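Student: There's a structure below that I have some questions on.
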8 protein chains.
Amino acid sequence: MFYDDDLKELFRQVEAGNLDVERAVECAREASFKDLGFAKVDNDRSMRVGYPEVIFCPGKTAEQVRDIVAYMMTRKTNILATKATREIYSEVLSICGDAQFNETAGTITIERYSNEIPDSYIAVVTAGTSDLPVAEEAAITAEIFGNRVERIFDVGVAGIHRLFSKIDVIKCAKVVIVVAGMEGALASVIGGLIDKPVIAVPTSIGYGASFGGLAALLAMLNSCAGGVAVVNIDNGFGAGCMANTINKLK
Amino acid sequence: MFYDDDLKELFRQVEAGNLDVERAVECAREASFKDLGFAKVDNDRSMRVGYPEVIFCPGKTAEQVRDIVAYMMTRKTNILATKATREIYSEVLSICGDAQFNETAGTITIERYSNEIPDSYIAVVTAGTSDLPVAEEAAITAEIFGNRVERIFDVGVAGIHRLFSKIDVIKCAKVVIVVAGMEGALASVIGGLIDKPVIAVPTSIGYGASFGGLAALLAMLNSCAGGVAVVNIDNGFGAGCMANTINKLK
Amino acid sequence: MFYDDDLKELFRQVEAGNLDVERAVECAREASFKDLGFAKVDNDRSMRVGYPEVIFCPGKTAEQVRDIVAYMMTRKTNILATKATREIYSEVLSICGDAQFNETAGTITIERYSNEIPDSYIAVVTAGTSDLPVAEEAAITAEIFGNRVERIFDVGVAGIHRLFSKIDVIKCAKVVIVVAGMEGALASVIGGLIDKPVIAVPTSIGYGASFGGLAALLAMLNSCAGGVAVVNIDNGFGAGCMANTINKLK
Amino acid sequence: MFYDDDLKELFRQVEAGNLDVERAVECAREASFKDLGFAKVDNDRSMRVGYPEVIFCPGKTAEQVRDIVAYMMTRKTNILATKATREIYSEVLSICGDAQFNETAGTITIERYSNEIPDSYIAVVTAGTSDLPVAEEAAITAEIFGNRVERIFDVGVAGIHRLFSKIDVIKCAKVVIVVAGMEGALASVIGGLIDKPVIAVPTSIGYGASFGGLAALLAMLNSCAGGVAVVNIDNGFGAGCMANTINKLK
Amino acid sequence: MFYDDDLKELFRQVEAGNLDVERAVECAREASFKDLGFAKVDNDRSMRVGYPEVIFCPGKTAEQVRDIVAYMMTRKTNILATKATREIYSEVLSICGDAQFNETAGTITIERYSNEIPDSYIAVVTAGTSDLPVAEEAAITAEIFGNRVERIFDVGVAGIHRLFSKIDVIKCAKVVIVVAGMEGALASVIGGLIDKPVIAVPTSIGYGASFGGLAALLAMLNSCAGGVAVVNIDNGFGAGCMANTINKLK
Amino acid sequence: MFYDDDLKELFRQVEAGNLDVERAVECAREASFKDLGFAKVDNDRSMRVGYPEVIFCPGKTAEQVRDIVAYMMTRKTNILATKATREIYSEVLSICGDAQFNETAGTITIERYSNEIPDSYIAVVTAGTSDLPVAEEAAITAEIFGNRVERIFDVGVAGIHRLFSKIDVIKCAKVVIVVAGMEGALASVIGGLIDKPVIAVPTSIGYGASFGGLAALLAMLNSCAGGVAVVNIDNGFGAGCMANTINKLK
Amino acid sequence: MFYDDDLKELFRQVEAGNLDVERAVECAREASFKDLGFAKVDNDRSMRVGYPEVIFCPGKTAEQVRDIVAYMMTRKTNILATKATREIYSEVLSICGDAQFNETAGTITIERYSNEIPDSYIAVVTAGTSDLPVAEEAAITAEIFGNRVERIFDVGVAGIHRLFSKIDVIKCAKVVIVVAGMEGALASVIGGLIDKPVIAVPTSIGYGASFGGLAALLAMLNSCAGGVAVVNIDNGFGAGCMANTINKLK
Amino acid sequence: MFYDDDLKELFRQVEAGNLDVERAVECAREASFKDLGFAKVDNDRSMRVGYPEVIFCPGKTAEQVRDIVAYMMTRKTNILATKATREIYSEVLSICGDAQFNETAGTITIERYSNEIPDSYIAVVTAGTSDLPVAEEAAITAEIFGNRVERIFDVGVAGIHRLFSKIDVIKCAKVVIVVAGMEGALASVIGGLIDKPVIAVPTSIGYGASFGGLAALLAMLNSCAGGVAVVNIDNGFGAGCMANTINKLK
């Protein structure tokens with residue numbers, strides 16, 4: 001309700017006498033979020049940014065997540081909760097029998113509405129098997145927002161021929177998510193080989209001077225290849241969002 | 001020369017008797033780069049990643065940059081050198097009278113060939129006036145690669161109404177570059193308002209606990225808005241590349 | 001006992017022959033703290049800084065906390081223990097049946113004496129639901145010190161319209177506490193919109209390059225808005241103290 | 001133009017037929033900032049946050065600062081530019097003969113309008129002589145925004161008796177700014193002695209493991225005294241703003 | 001399949017009519033790795049880098065490790081899994097009764113094939129007893145790759161005479177691995193005494209400002225002795241690999 | 001065995017024909033340490049540095065600690081093990097019924113031999129109650145090495161009058177250990193008040209931007225008071241050693 | 001003037017009628033420092049901590065240093081200014097012709113009064129020639145405070161036999177200052193060989209991952225040898241103070 | 001002079017009456033280093049570690065370097081000074097007309113004696129042209145120590161085909177030095193392709209989140225390829241030493 005377009009429309013309605021002032025203000029507010037006290041669910045996020053509000057679980061009690069889900073189920077939208085635990089899932093299951101839990105990805109999904117899915121697809125590539133949880137979070141995020149995903153796992157630079165054998169499916173994607181821990185070199189290598197946007201996701205896989213993913217993060221930020229941008233360590237969700245946004249471009 | 005497609009083509013030529021083995025190997029190599037001794041200019045980068053090799057000036061002598069430019073001028077491509085100084089520019093001018101130097105951005109450009117330019121445009125947004133050098137590097141990079149750019153400068157969150165007054169031109173871009181130093185909050189705010197990919201560029205503008213742009217970098221990586229990805233501090237060039245790649249998507 | 005005023009008074013008493021020298025020294029010392037061996041409870045803190053000594057639980061055994069509480073109960077003051085666990089609470093309950101435990105905030109409170117409460121109020125604002133524990137610590141601290149608190153939760157910049165809907169209650173506070181994790185942008189946005197002091201509390205909510213709240217901390221320290229000052233990560237208590245001090249100003 | 005109050009008023013004007021829609025939108029925008037292309041000067045900041053827009057010089061050319069000053073001089077406001085150099089000052093002098101430059105503080109000021117000044121004052125305290133530049137930036141900021149300032153310099157903990165000799169003037173301030181480098185202990189010591197809000201400003205004075213002020217910053221954030229909040233390293237300006245905001249509270 | 005030699009050979013086969021094009025491409029791919037979906041086992045690593053693919057356990061489920069082992073057992077190679085837990089070992093035991101688990105080193109080994117072992121040996125030296133787990137990982141790695149290892153433990157600089165008593169066996173090794181935590185000084189001391197390559201392994205042994213091994217890592221990287229190179233904190237495996245590579249040189 | 005004096009003596013013995021060459025070498029080695037395989041116990045440390053070898057428990061198994069204790073018991077020396085757990089203590093008890101465990105300090109001690117104790121004493125001062133574990137480690141270390149210790153606990157700068165009431169006992173010590181977490185200001189304050197060496201021990205007490213004691217460490221290293229030196233975070237043992245060394249000076 | 005002893009004496013004087021109250025307070029204050037406005041020179045520091053106030057030059061103008069020197073010359077004390085430049089020296093020379101400047105150490109000294117010098121001496125040891133500036137700052141500090149100093153330079157662990165050749169002069173000192181950059185191993189090696197207190201001074205000598213002396217600092221803090229304490233990077237002055245304090249102990 | 005072998009020999013000489021005790025001790029000392037006061041030149045380093053003492057210039061005055069060179073010229077050894085400036089070179093030239101200065105590498109060399117050179121060679125590979133200075137330091141170090149070097153420059157992963165075209169010359173080296181800045185991915189890629197030891201040298205080439213080479217350093221330490229070890233940022237000298245040591249192995 002903050003853009004000139006919306007402003008104009010409401011002014012027009014008021015000018016036309018279709019809306020009184022008090023109601024105009026109330027309208028603007030009601031349409032946009034639901035106040036649950038401990039949370040304000042953002043109802044017009046989908047219209048604004050192209051995907052619905054998503055529940056980030058850490059720091060929330062299982063009961064809080066359940067109540068947010070309960071409200072969102074009244075809004076006719078697919079539901080995604082990330083970084084979830086099995087305990088939170090149990091709580092959600094108690095109010096929604098068809099909620100799905102992906103243990104690898106740590107996601108809870110309730111998918112009751114079909115999206116229009118573009119022909120183009122998103123490639124999700126990992127350097128190693130240990131990077132799967134983050135890659136799956138990215139893939140599931142992209143899928144529930146209505147995208148086709150191709151998974152290419154364990155093609156890191158320690159055996160770079162594995163990458164080359166899959167390079168065609170990577171090159172034909174509209175956008176590529178590269179998930180890698182340790183030194184994160186895979187993002188630069190792919191960035192130097194293709195003409196599609198590369199979203200690099202550093203993971204916390206590693207130990208010692210990996211410093212919880214810092215090494216991979218810095219490597220990806222310093223990529224000598226140009227068309228690479230980076231999201232937070234282990235942020236499969238963010239990569240999935242960004243890829244969704246790009247894949248939906250016309 | 002590393003993909004199956006290229007491999008197949010060369011195999012076919014050899015199979016057909018059009019190419020002997022020694023020559024096939026030589027071909028593969030010659031087409032792709034020029035060895036100047038101190039540098040190997042990457043001739044097929046444009047075909048591979050969608051934009052030509054670009055010269056990163058720091059750590060190179062003015063003479064090295066000049067020699068790379070001299071070679072590239074024989075290759076019929078537009079030329080971009082980044083993070084350049086006036087001294088390097090003088091050296092380049094000595095062999096190319098129509099080279100341009102943008103002092104704000106630190107770029108040298110030689111633009112002799114016209115690109116096909118998409119209808120869609122890239123928005124380059126800054127939080128403050130001090131972020132201009134990085135923003136201009138991004139804009140010039142995007143322009144020389146063949147894109148239309150809209151500049152929206154100094155709309156940071158200390159006076160957020162300035163942003164809202166320009167939100168329409170931002171929302172209508174195909175991809176948005178947000179350039180901000182200090183706390184870098186602008187990227188999150190824009191990311192929460194639009195449904196287009198946001199490329200966040202932290203700048204080193206600030207002092208003290210800005211730690212050379214680290215504060216803005218971390219803020220942008222931790223954006224609570226989903227469709228935001230980040231490039232290196234002060235990396236206007238990288239943002240321009242990424243935006244070019246996205247703007248050229250069909 | 002360190003200020004000129006106190007010094008003068010004691011000198012005067014001695015000069016007047018009302019106090020002998022040995023006793024004068026003893027007096028000064030006795031009035032100010034109680035030595036429990038493992039702890040020296042600061043009795044005149046309230047007179048000095050405007051709020052009583054508060055028990056910081058980490059690193060103390062449950063028995064130590066209980067014994068400090070036991071002593072403080074003899075001093076006719078309200079009691080606050082922060083970062084407490086349920087185990088510590090049980091120990092305290094054994095000597096004080098009306099002790100309260102707030103599980104979200106991790107606070108133990110014993111409130112038997114009423115404070116004079118100013119008309120003005122403190123606003124406690126959070127970016128997300130996950131920031132509640134820190135926000136509650138701040139609110140409870142402010143309340144037990146004798147302040148009225150307004151809670152405004154989950155109005156972060158990913159859906160900034162939620163903030164604008166509550167901006168009036170924020171603007172009318174005498175001082176505002178902004179609690180946010182991840183990129184901490186909310187503090188800057190509010191700081192740019194109101195003319196009241198903003199106390200920013202970064203939280204450790206986030207993951208990866210949040211580095212335990214460092215990202216939010218740095219962002220808040222680098223706020224482009226002027227009237228913002230920052231306390232330690234997750235330091236709801238410190239924010240509550242500072243807000244109490246400001247709210248009590250005349 | 002973002003609050004319900006403003007929204008209501010404009011709706012009312014439109015409803016009353018006093019304003020057409022296009023003009024209503026234009027109005028909202030015009031009142032609030034001036035677009036200079038490279039800068040958007042925030043005209044209603046003073047109304048919003050209680051002090052006018054201030055020019056942060058680093059990263060701006062002398063010409064840009066001059067042009068912003070030139071515009072602001074048309075707005076009937078006192079002008080402050082921070083972190084300025086003598087070169088920038090010369091440029092400003094060329095258009096405004098009564099501009100003042102404080103070399104210690106790095107500030108340019110043009111003070112033509114008198115503010116209402118509260119009876120209460122702000123104390124600015126430093127640990128050492130080397131902290132003067134930051135302290136002066138804070139003091140000058142507070143003064144140009146209309147406050148009385150008391151300066152107490154060089155009372156650090158290496159000779160803590162110097163502090164105690166000045167404690168009365170510190171205790172009687174409405175708000176205290178403590179400026180210290182090295183280990184920054186002074187903020188905690190003062191915070192433990194007085195019942196007024198303490199704004200701690202770490203400075204970059206020090207060397208080695210001071211890490212450009214990081215040591216003092218961390219020490220101040222971890223203050224064991226409660227009523228202390230912190231601004232960025234060397235951020236005298238921010239401390240002055242925050243103190244101004246507090247000193248103006250009623 | 002990426003080197004000119006391999007390329008030539010395949011071209012020759014195709015030229016000679018011994019191989020059709022489709023099959024040539026397939027060949028190249030098949031020889032080099034096995035795709036298990038969640039993992040792509042690198043079959044020609046041994047030929048390429050001189051030791052077989054090794055399983056890094058963290059981030060993998062016990063079932064994933066078991067399945068990779070199961071496949072590798074079909075390839076007639078010795079098997080090594082590092083950073084393994086007892087739980088993973090149980091899973092591996094279920095398919096391979098002669099798998100060995102070294103609890104100190106965290107390694108699972110299946111050794112059925114004998115390597116050719118050079119006459120020269122690798123010395124593995126530790127500063128303290130607490131460094132044994134990392135030292136054993138290095139030693140076991142070197143041994144399963146076919147090397148003789150001499151262990152010299154607990155000769156750190158707090159009692160440097162212990163080192164001198166063992167200096168002969170260290171000097172006669174072909175390559176020396178030095179494992180040390182805390183301040184990591186042992187690597188420099190040994191590096192200054194012998195003319196063999198020293199591979200320094202910092203360990204996370206220590207506390208406080210050891211920062212998980214960072215202190216030792218930085219010390220080793222800054223060694224004033226010349227012939228010292230460093231691997232990651234706690235990376236016994238990497239040191240074992242590097243030492244194997246050097247010990248196999250002719 | 002590395003000093004000229006020792007060298008001379010052995011040369012003299014050999015010259016005098018009292019010692020053959022092989023035996024001279026063996027002698028030198030035997031006197032100085034015992035090789036247990038996983039550990040080399042440093043027998044002449046006491047003669048060399050003034051206190052016996054001490055067992056650092058982290059990273060060692062309970063069995064390893066027990067075996068080192070068992071050997072040391074044959075050497076007629078008091079025994080100290082630091083950072084020990086109750087589990088390790090049980091193992092040690094099984095071979096030595098009079099071993100003592102201090103749960104606060106995490107120390108195991110076996111004290112059977114009396115040291116000569118100097119008249120002067122060591123003061124151990126803490127800022128808070130939570131710093132006790134580290135302070136006790138320091139005190140017990142100093143005591144078992146033969147020193148008298150005065151404990152002054154919980155006199156931090158949030159209530160600095162508590163410190164002044166105890167300043168006499170601190171001033172009369174030969175050396176002072178100051179143990180403090182959070183901002184660690186106490187070390188500077190004491191360093192500015194007394195003419196005795198101050199050994200500052202930062203503790204990991206704190207949270208958020210304390211970064212595990214880093215804040216206190218940096219503060220202490222940057223002390224504006226001159227006679228302050230620092231040991232590792234939580235390193236009560238090191239402080240006890242240093243204080244012992246100083247207290248034994250004549 | 002904050003200790004009970006002083007307090008008692010003043011009370012006694014007042015009690016005896018020798019002193020009126022106003023004057024008693026004034027006395028306390030006057031004796032202890034001189035207020036120059038920009039600086040408060042600490043006159044009783046020598047009595048309090050055993051050495052006079054010293055001028056830390058960075059951040060002060062040459063004029064400020066000169067004025068502080070001018071005042072101190074009236075106080076009959078030797079004068080030391082550290083981290084001084086040649087420009088500051090010129091300014092000081094203008095008021096004091098016998099001021100000395102040590103270019104290596106960056107110290108200005110004015111030595112007109114003789115101290116009582118203990119028989120024992122301080123050893124100042126460096127790892128390399130590049131560490132001389134810091135070592136000289138330490139030595140000159142110790143000397144002007146009245147100590148005998150032995151310099152042993154360039155005996156780092158890359159050639160450890162150089163150290164052993166000088167070990168006797170090191171062992172016979174009362175206290176040893178070890179100055180080292182890069183990996184700082186020398187402090188641990190010496191700490192493990194002698195029974196005297198070791199003050200370790202990390203220097204910023206090095207590059208890359210030395211991070212301005214951080215590597216040496218961390219190494220020294222993590223020393224496996226017990227009797228080692230550390231001062232700030234490049235803090236020769238602090239080491240000299242601490243050594244002075246220890247060398248003066250009886 | 002610290003090893004059993006040397007010890008035995010001296011004992012034997014003394015036993016045989018060929019050497020008196022005083023002289024034996026003197027001998028040991030004289031042979032090994034020359035004391036210049038500010039420096040102790042390590043004469044037996046070559047015998048000990050396989051290459052002569054090398055002069056590290058930073059922190060030394062030009063005169064100090066010249067005097068060390070002057071002494072070393074009397075010792076009949078080739079001379080290498082690293083990180084040298086043109087100013088230092090001038091000073092050295094004044095005493096040695098055939099000293100060479102390599103401006104790119106910052107090395108001064110005096111090469112008058114020929115080494116025995118192995119048949120095998122060292123490959124020095126760089127990612128970019130900007131990495132040349134570090135690569136040349138490594139190459140010149142290796143060459144003056146008596147090794148053949150092959151230079152392969154500018155083959156970074158942004159155009160990985162350039163690497164593959166040179167892979168044969170890399171594979172045939174006995175040891176490979178990989179020099180790379182930015183994200184340092186080249187080391188991992190090469191480490192995954194060859195069976196020779198790889199010495200990775202991170203460079204400070206880059207900006208922003210390169211943090212002076214930290215990004216490349218961490219990436220190389222976390223290499224997923226096994227046979228890679230790392231030296232300090234920009235430490236071409238160290239890499240040259242290590243490579244020399246390996247190349248000389250038999």
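Here's how to read the names in the structure tokens: chain A, B, ... by the order shown, residue numbers from 1 in each chain, ligand numbers from 1 in the order shown.
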Applying 12 Å and only C-alpha atoms, which residues near Glu116 in chain A remain after dropping the ones on its own chain fewer than 3 positions away? List them as JSON, numbers by chain.
Tutor: {"A": [113, 119, 120, 143, 144, 145, 146, 147, 148, 247, 248]}
Student: Would you output that residue set with N, CA and C atoms, as a tab-separated table (two decimals), in the first residue's frame?
Tutor:
chain	number	residue	atom	x	y	z
A	113	TYR	N	-2.21	-25.90	-3.83
A	113	TYR	CA	-2.60	-25.07	-4.96
A	113	TYR	C	-1.53	-25.17	-6.02
A	119	ASP	N	8.43	-23.00	-18.70
A	119	ASP	CA	9.10	-24.07	-19.43
A	119	ASP	C	10.57	-24.19	-19.02
A	120	SER	N	11.16	-23.07	-18.76
A	120	SER	CA	12.59	-23.10	-18.42
A	120	SER	C	12.77	-23.74	-17.04
A	143	GLU	N	10.66	-25.36	-6.15
A	143	GLU	CA	9.53	-26.17	-6.63
A	143	GLU	C	8.19	-25.70	-6.06
A	144	ILE	N	8.15	-25.40	-4.76
A	144	ILE	CA	6.86	-24.99	-4.19
A	144	ILE	C	6.43	-23.62	-4.70
A	145	PHE	N	7.41	-22.82	-5.17
A	145	PHE	CA	7.05	-21.53	-5.78
A	145	PHE	C	6.68	-21.69	-7.25
A	146	GLY	N	6.78	-22.95	-7.77
A	146	GLY	CA	6.33	-23.18	-9.13
A	146	GLY	C	7.43	-23.14	-10.16
A	147	ASN	N	8.44	-23.98	-9.99
A	147	ASN	CA	9.52	-24.06	-10.96
A	147	ASN	C	9.92	-25.52	-11.15
A	148	ARG	N	10.45	-25.82	-12.29
A	148	ARG	CA	11.03	-27.12	-12.58
A	148	ARG	C	12.51	-27.06	-12.18
A	247	ASN	N	13.77	-17.06	-12.86
A	247	ASN	CA	13.12	-18.01	-13.78
A	247	ASN	C	11.75	-17.53	-14.23
A	248	LYS	N	11.15	-16.65	-13.42
A	248	LYS	CA	9.82	-16.14	-13.79
A	248	LYS	C	9.91	-14.91	-14.70
Student: With DSSP run on the backbone, what are the strand (DSSP E) residues within range 54-192 of chain A? I'd like them as a PyMOL selection string.
Tutor: chain A and resi 55-56+79-82+100-102+107-110+121-126+148-152+175-180
Student: What is the CA of Ala139 in chain F to CA of Val201 in chain F distance in Å?
Tutor: 12.3 Å
Student: So that I can see what lies close to range 169-174 of chain D, please list as a ChimeraX atom specification the residues with an atom at most 12 Å from it, counting only C-alpha atoms and leaving out residues fewer than 6 positions away in the same chain.
Tutor: /C:3-5,48-49,245-250 /D:118-126,147-153,155,163,190-199,243-250
Student: Pull out every residue of chain C that has at least one atom within 8 Å of chain F, counting only C-alpha atoms, and report them as an NGL selection string.
Tutor: :C and (1-2 or 29 or 32-33 or 37-40 or 42 or 45 or 58-60 or 204 or 212-214 or 232-235)
Student: Residues of the last selection are to be written out with N, CA and C atoms, as a PDB file, in the first residue's frame.
Tutor:
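In the end it all went to result20.pdb:
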ATOM      1  N   MET C   1      30.681   6.539  47.972  1.00  0.00           N
ATOM      2  CA  MET C   1      31.558   7.253  48.930  1.00  0.00           C
ATOM      3  C   MET C   1      32.720   7.968  48.246  1.00  0.00           C
ATOM      4  N   PHE C   2      32.606   8.219  46.922  1.00  0.00           N
ATOM      5  CA  PHE C   2      33.785   8.721  46.219  1.00  0.00           C
ATOM      6  C   PHE C   2      33.639  10.136  45.717  1.00  0.00           C
ATOM      7  N   ARG C  29      32.298   2.431  54.181  1.00  0.00           N
ATOM      8  CA  ARG C  29      32.358   1.115  53.557  1.00  0.00           C
ATOM      9  C   ARG C  29      31.068   0.326  53.744  1.00  0.00           C
ATOM     10  N   SER C  32      27.757   0.687  51.599  1.00  0.00           N
ATOM     11  CA  SER C  32      27.732   0.533  50.149  1.00  0.00           C
ATOM     12  C   SER C  32      27.650  -0.886  49.603  1.00  0.00           C
ATOM     13  N   PHE C  33      28.164  -1.893  50.320  1.00  0.00           N
ATOM     14  CA  PHE C  33      27.999  -3.244  49.755  1.00  0.00           C
ATOM     15  C   PHE C  33      28.080  -4.292  50.857  1.00  0.00           C
ATOM     16  N   GLY C  37      31.540 -13.099  50.344  1.00  0.00           N
ATOM     17  CA  GLY C  37      32.678 -13.963  50.042  1.00  0.00           C
ATOM     18  C   GLY C  37      32.807 -14.148  48.549  1.00  0.00           C
ATOM     19  N   PHE C  38      31.935 -14.958  47.956  1.00  0.00           N
ATOM     20  CA  PHE C  38      31.967 -15.179  46.504  1.00  0.00           C
ATOM     21  C   PHE C  38      31.338 -14.001  45.757  1.00  0.00           C
ATOM     22  N   ALA C  39      30.677 -13.094  46.481  1.00  0.00           N
ATOM     23  CA  ALA C  39      30.033 -11.947  45.827  1.00  0.00           C
ATOM     24  C   ALA C  39      30.013 -10.772  46.786  1.00  0.00           C
ATOM     25  N   LYS C  40      30.047  -9.570  46.209  1.00  0.00           N
ATOM     26  CA  LYS C  40      29.905  -8.355  47.011  1.00  0.00           C
ATOM     27  C   LYS C  40      28.702  -7.607  46.471  1.00  0.00           C
ATOM     28  N   ASP C  42      26.058  -4.960  45.683  1.00  0.00           N
ATOM     29  CA  ASP C  42      26.225  -3.508  45.607  1.00  0.00           C
ATOM     30  C   ASP C  42      24.964  -2.827  46.111  1.00  0.00           C
ATOM     31  N   ARG C  45      23.756   0.815  44.579  1.00  0.00           N
ATOM     32  CA  ARG C  45      23.675   1.018  43.137  1.00  0.00           C
ATOM     33  C   ARG C  45      22.432   1.810  42.761  1.00  0.00           C
ATOM     34  N   PRO C  58      24.628 -16.443  34.156  1.00  0.00           N
ATOM     35  CA  PRO C  58      25.614 -17.357  33.568  1.00  0.00           C
ATOM     36  C   PRO C  58      26.936 -17.372  34.341  1.00  0.00           C
ATOM     37  N   GLY C  59      27.471 -18.552  34.561  1.00  0.00           N
ATOM     38  CA  GLY C  59      28.730 -18.689  35.291  1.00  0.00           C
ATOM     39  C   GLY C  59      28.547 -18.780  36.799  1.00  0.00           C
ATOM     40  N   LYS C  60      27.323 -18.569  37.268  1.00  0.00           N
ATOM     41  CA  LYS C  60      27.064 -18.721  38.693  1.00  0.00           C
ATOM     42  C   LYS C  60      26.326 -20.034  38.921  1.00  0.00           C
ATOM     43  N   SER C 204      21.013 -12.597  18.122  1.00  0.00           N
ATOM     44  CA  SER C 204      21.788 -13.662  17.479  1.00  0.00           C
ATOM     45  C   SER C 204      20.921 -14.500  16.544  1.00  0.00           C
ATOM     46  N   GLY C 212      26.458 -15.182  14.712  1.00  0.00           N
ATOM     47  CA  GLY C 212      25.988 -15.032  16.087  1.00  0.00           C
ATOM     48  C   GLY C 212      25.508 -13.629  16.421  1.00  0.00           C
ATOM     49  N   GLY C 213      25.090 -12.890  15.425  1.00  0.00           N
ATOM     50  CA  GLY C 213      24.564 -11.549  15.670  1.00  0.00           C
ATOM     51  C   GLY C 213      25.514 -10.447  15.242  1.00  0.00           C
ATOM     52  N   LEU C 214      26.716 -10.827  14.820  1.00  0.00           N
ATOM     53  CA  LEU C 214      27.700  -9.819  14.406  1.00  0.00           C
ATOM     54  C   LEU C 214      27.185  -8.972  13.248  1.00  0.00           C
ATOM     55  N   ASN C 232      24.930  -4.517  23.405  1.00  0.00           N
ATOM     56  CA  ASN C 232      25.487  -5.810  23.025  1.00  0.00           C
ATOM     57  C   ASN C 232      24.422  -6.719  22.380  1.00  0.00           C
ATOM     58  N   ILE C 233      24.874  -7.659  21.605  1.00  0.00           N
ATOM     59  CA  ILE C 233      24.013  -8.673  21.001  1.00  0.00           C
ATOM     60  C   ILE C 233      23.206  -9.381  22.099  1.00  0.00           C
ATOM     61  N   ASP C 234      21.919  -9.494  21.902  1.00  0.00           N
ATOM     62  CA  ASP C 234      21.002 -10.187  22.826  1.00  0.00           C
ATOM     63  C   ASP C 234      20.902  -9.499  24.187  1.00  0.00           C
ATOM     64  N   ASN C 235      21.372  -8.268  24.292  1.00  0.00           N
ATOM     65  CA  ASN C 235      21.401  -7.585  25.584  1.00  0.00           C
ATOM     66  C   ASN C 235      20.113  -6.811  25.840  1.00  0.00           C
TER      67      ASN C 235
END
Student: Could you check how far CA of Arg23 in chain F sits from CA of Gly17 in chain H, in Å to one decimal?
Tutor: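 Taking CA of Arg23 in chain F as the start and CA of Gly17 in chain H as the end point, the length is 18.4 Å.
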Student: Name all residues at most 12 Å from range 96-102 of chain F (count only C-alpha atoms; drop same-chain ones fewer than 6 positions away) and give them as a PyMOL selection string.
Tutor: chain F and resi 66-67+69-74+78-90+108-112+132-134+136-137+139-141+144
Student: Would you mind reading off the distance between CA of Thr61 in chain B and CA of Phe237 in chain H, one decimal, in Å?
Tutor: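 CA of Thr61 in chain B sits 21.8 Å away from CA of Phe237 in chain H.
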Student: Neighbouring residues of Leu221 in chain C were defined as those with any atom within 7 Å, considering only C-alpha atoms; residues of the same chain fewer than 2 positions away were excluded. Please report them as a PyMOL selection string.
Tutor: (chain B and resi 209) or (chain C and resi 217-219+223+230) or (chain D and resi 231-232)
Student: Give the helix (DSSP H, G or I) residues of range 40-224 of chain D, as assigned by DSSP on the backbone, as a VMD selection string.
Tutor: chain D and resid 45 to 49 62 to 73 86 to 93 129 to 144 157 to 159 161 to 165 167 to 171 185 to 191 208 to 221
